[in-house]
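**Student:** Have a peek at run_22.txt (compact mmCIF, C-alpha atoms).
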```txt
# COMPACT_ATOMS: atom_id res chain seq x y z
CA GLN K 1 135.19 116.13 143.06
CA PRO K 2 136.64 114.88 139.75
CA GLU K 3 134.86 112.18 137.83
CA GLU K 4 136.09 108.65 138.45
CA THR K 5 138.27 107.19 135.68
CA TYR K 6 137.65 103.75 134.18
CA GLU K 7 140.77 102.49 135.97
CA GLN K 8 139.57 103.87 139.32
CA PHE K 9 136.12 102.34 138.71
CA THR K 10 137.73 98.98 137.92
CA ASN K 11 139.97 99.09 140.98
CA ARG K 12 137.06 100.07 143.23
CA TYR K 13 134.90 97.14 142.11
CA VAL K 14 137.73 94.59 142.07
CA LYS K 15 138.48 95.55 145.68
CA PHE K 16 134.77 95.43 146.54
CA PHE K 17 134.34 91.90 145.16
CA GLU K 18 137.55 90.70 146.81
CA ASN K 19 135.93 91.58 150.16
CA VAL K 20 132.42 90.23 149.54
CA ASP K 21 131.38 87.56 152.01
CA ASP K 22 127.66 87.09 151.44
CA GLN K 23 125.15 86.77 148.62
CA PHE K 24 123.38 90.06 149.33
CA GLU K 25 126.61 92.07 149.02
CA LEU K 26 127.64 90.17 145.88
CA GLN K 27 124.33 90.79 144.13
CA ARG K 28 124.16 94.41 145.31
CA GLY K 29 127.66 94.99 143.96
CA LEU K 30 126.83 93.41 140.62
CA ASN K 31 123.62 95.44 140.30
CA ASN K 32 125.49 98.66 141.05
CA CYS K 33 128.43 97.85 138.80
CA PHE K 34 126.30 96.85 135.81
CA ALA K 35 124.05 99.91 136.23
CA TYR K 36 126.78 102.19 134.84
CA ASP K 37 126.89 103.10 131.17
CA LEU K 38 129.89 100.88 130.47
CA VAL K 39 130.83 97.23 130.25
CA PRO K 40 132.77 96.20 133.36
CA ASP K 41 136.41 95.29 132.84
CA VAL K 42 137.46 91.62 132.72
CA ALA K 43 139.22 92.15 136.09
CA ILE K 44 135.90 93.11 137.71
CA CYS K 45 134.17 90.09 136.19
CA GLU K 46 136.93 87.78 137.41
CA ALA K 47 136.75 89.21 140.93
CA ALA K 48 132.95 88.82 140.92
CA LEU K 49 133.21 85.21 139.71
CA ARG K 50 135.75 84.42 142.43
CA ALA K 51 133.51 86.05 145.04
CA ALA K 52 130.51 84.02 143.86
CA ARG K 53 132.42 80.76 144.12
CA ARG K 54 133.96 81.76 147.46
CA ILE K 55 130.49 82.12 148.95
CA ASP K 56 129.29 79.06 146.98
CA ASP K 57 126.78 80.97 144.85
CA PHE K 58 126.97 79.13 141.54
CA ALA K 59 123.77 80.73 140.17
CA THR K 60 125.09 84.27 140.55
CA ALA K 61 128.41 83.24 138.98
CA SER K 62 126.53 82.09 135.87
CA ARG K 63 124.49 85.28 135.87
CA VAL K 64 127.65 87.37 135.54
CA PHE K 65 127.86 86.00 132.00
CA GLU K 66 124.18 86.70 131.33
CA ALA K 67 124.69 90.30 132.44
CA LEU K 68 127.73 90.65 130.19
CA LYS K 69 125.83 89.27 127.21
CA ILE K 70 123.11 91.89 127.69
CA LYS K 71 125.55 94.73 128.39
CA VAL K 72 127.89 94.37 125.38
CA ASP K 73 127.16 96.03 122.05
CA LYS K 74 128.06 93.10 119.82
CA GLN K 75 128.16 89.31 120.09
CA SER K 76 131.87 89.43 119.20
CA GLN K 77 132.50 91.57 122.30
CA TYR K 78 130.76 88.92 124.46
CA GLU K 79 132.92 86.24 122.83
CA ASP K 80 136.02 88.29 123.70
CA TYR K 81 134.91 88.32 127.35
CA LEU K 82 134.27 84.56 127.26
CA LYS K 83 137.75 83.99 125.86
CA ALA K 84 139.41 86.29 128.41
CA LEU K 85 137.50 84.72 131.31
CA LYS K 86 137.87 81.10 130.15
CA PRO K 87 140.82 80.27 132.46
CA VAL K 88 139.03 81.48 135.61
CA LYS K 89 135.71 80.03 134.38
CA ASP K 90 137.35 76.62 133.96
CA GLU K 91 139.29 76.90 137.23
CA LEU K 92 136.12 77.66 139.20
CA GLY K 93 133.84 75.28 137.29
CA VAL K 94 131.44 78.04 136.27
CA GLN K 95 129.20 77.47 133.26
CA THR K 96 127.17 79.88 131.17
CA LYS K 97 123.42 79.55 130.79
CA GLU K 98 124.01 78.14 127.28
CA GLU K 99 126.49 75.55 128.58
CA LEU K 100 123.94 74.52 131.17
CA GLY K 101 121.36 74.01 128.40
CA LEU K 102 119.02 76.69 129.75
```
Kindly present the structure from the file in structure tokens form.
**Tutor:**
Amino acid sequence: QPEETYEQFTNRYVKFFENVDDQFELQRGLNNCFAYDLVPDVAICEAALRAARRIDDFATASRVFEALKIKVDKQSQYEDYLKALKPVKDELGVQTKEELGL
């Protein structure tokens, strides 16, 4: 079986998060996704944020940003993710740990 491409990986996890309907599945999906040796695409992060808000799990939504901050190589890369995700972050009312003062 050929190795999964980045695009296939992204599509698989976007679809997964679009179908999540409970906290266990959301957190399991995030753990699996972030376990790979890559930084998940913005589309995956957006789908995960939308899933978290759909099931009313604000804490996990904020933790998506914590996971990104740890996963990226440079602070500038994290800032790029924050900028790209700002519209959905604002739409859903999700705040980062820093914005929450934690």
**Student:** Please determine, counting all atoms listed in the file, which residue among K:Arg28, K:Lys83, K:Arg12, K:Lys74 has the shortest atom-to-atom distance to Thr60 of chain K.
**Tutor:**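 Using all atoms listed in the file, the shortest distance to Thr60 of chain K belongs to K:Arg28.
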**Student:** Which residues come within 10 Å of segment 89-102 of chain K, counting all atoms listed in the file, excluding same-chain residues fewer than 4 positions away, as a PyMOL selection string?
**Tutor:** chain K and resi 46+49-50+52-54+58-66+82-85
**Student:** Within 7 Å of Ile44 of chain K, counting all atoms listed in the file, which residues show up once you throw out same-chain ones fewer than 5 positions away? Write them as a PyMOL selection string, please.
**Tutor:** chain K and resi 10+13-14
**Student:** Please determine, counting all atoms listed in the file, which residue among K:Ala67, K:Leu26, K:Val20, K:Val88 has the shortest atom-to-atom distance to Ala43 of chain K.
**Tutor:** K:Val88
**Student:** Restricting the calculation to all atoms listed in the file: of K:Asp73, K:Thr5, K:Asp56, K:Pro87, which residue gets closest to Val39 of chain K?
**Tutor:** K:Asp73
**Student:** Would you kindly identify which residues have an atom no farther than 8 Å from (129.5, 94.5, 135.2), using all atoms listed in the file and the file's own coordinates, and write them out as a PyMOL selection string?
**Tutor:** chain K and resi 30-31+33-35+38-41+44-45+64+67-68+71
**Student:** Pick out the closest residue to Asp21 of chain K from this set: K:Asp37, K:Asp80, K:Glu4, K:Asp57. Count only C-alpha atoms.
**Tutor:**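 The shortest atom-to-atom distance to Asp21 of chain K comes from K:Asp57.
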**Student:** So the first atom is atom CA of Gly29 of chain K and the second is atom CA of Phe9 of chain K; what is the distance between them in Å, to one decimal place?
**Tutor:**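 Taking atom CA of Gly29 of chain K and atom CA of Phe9 of chain K, their separation equals 12.4 Å.
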**Student:** Compare K:Ile55, K:Gln8, K:Val42, K:Asp22 by their minimum atom-to-atom distance to Gln77 of chain K, counting all atoms listed in the file, and give me the closest one.
**Tutor:**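 Once distances to Gln77 of chain K are computed over all atoms listed in the file, the minimum belongs to K:Val42.
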**Student:** Give me the residues near Glu18 of chain K as a list in words, where near means some atom within 8 Å (using only C-alpha atoms) and where sequence neighbours in that chain fewer than 6 positions away do not count.
**Tutor:** Ala47, Ala48, Arg50 and Ala51 of chain K
**Student:** Grab all the atoms of segment 3-6 of chain K that the file lists, wrap them in a box along x, y and z, add 3 Å per side, and give me centre plus edge lengths in Å (one decimal) as JSON.
**Tutor:**
```
{"center_x": 136.6, "center_y": 108.0, "center_z": 136.3, "size_x": 9.4, "size_y": 14.4, "size_z": 10.3}
```
**Student:** What gap, in Å, lies between atom CA of Ile70 of chain K and atom CA of Gln27 of chain K?
**Tutor:**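 The value is 16.5 Å.
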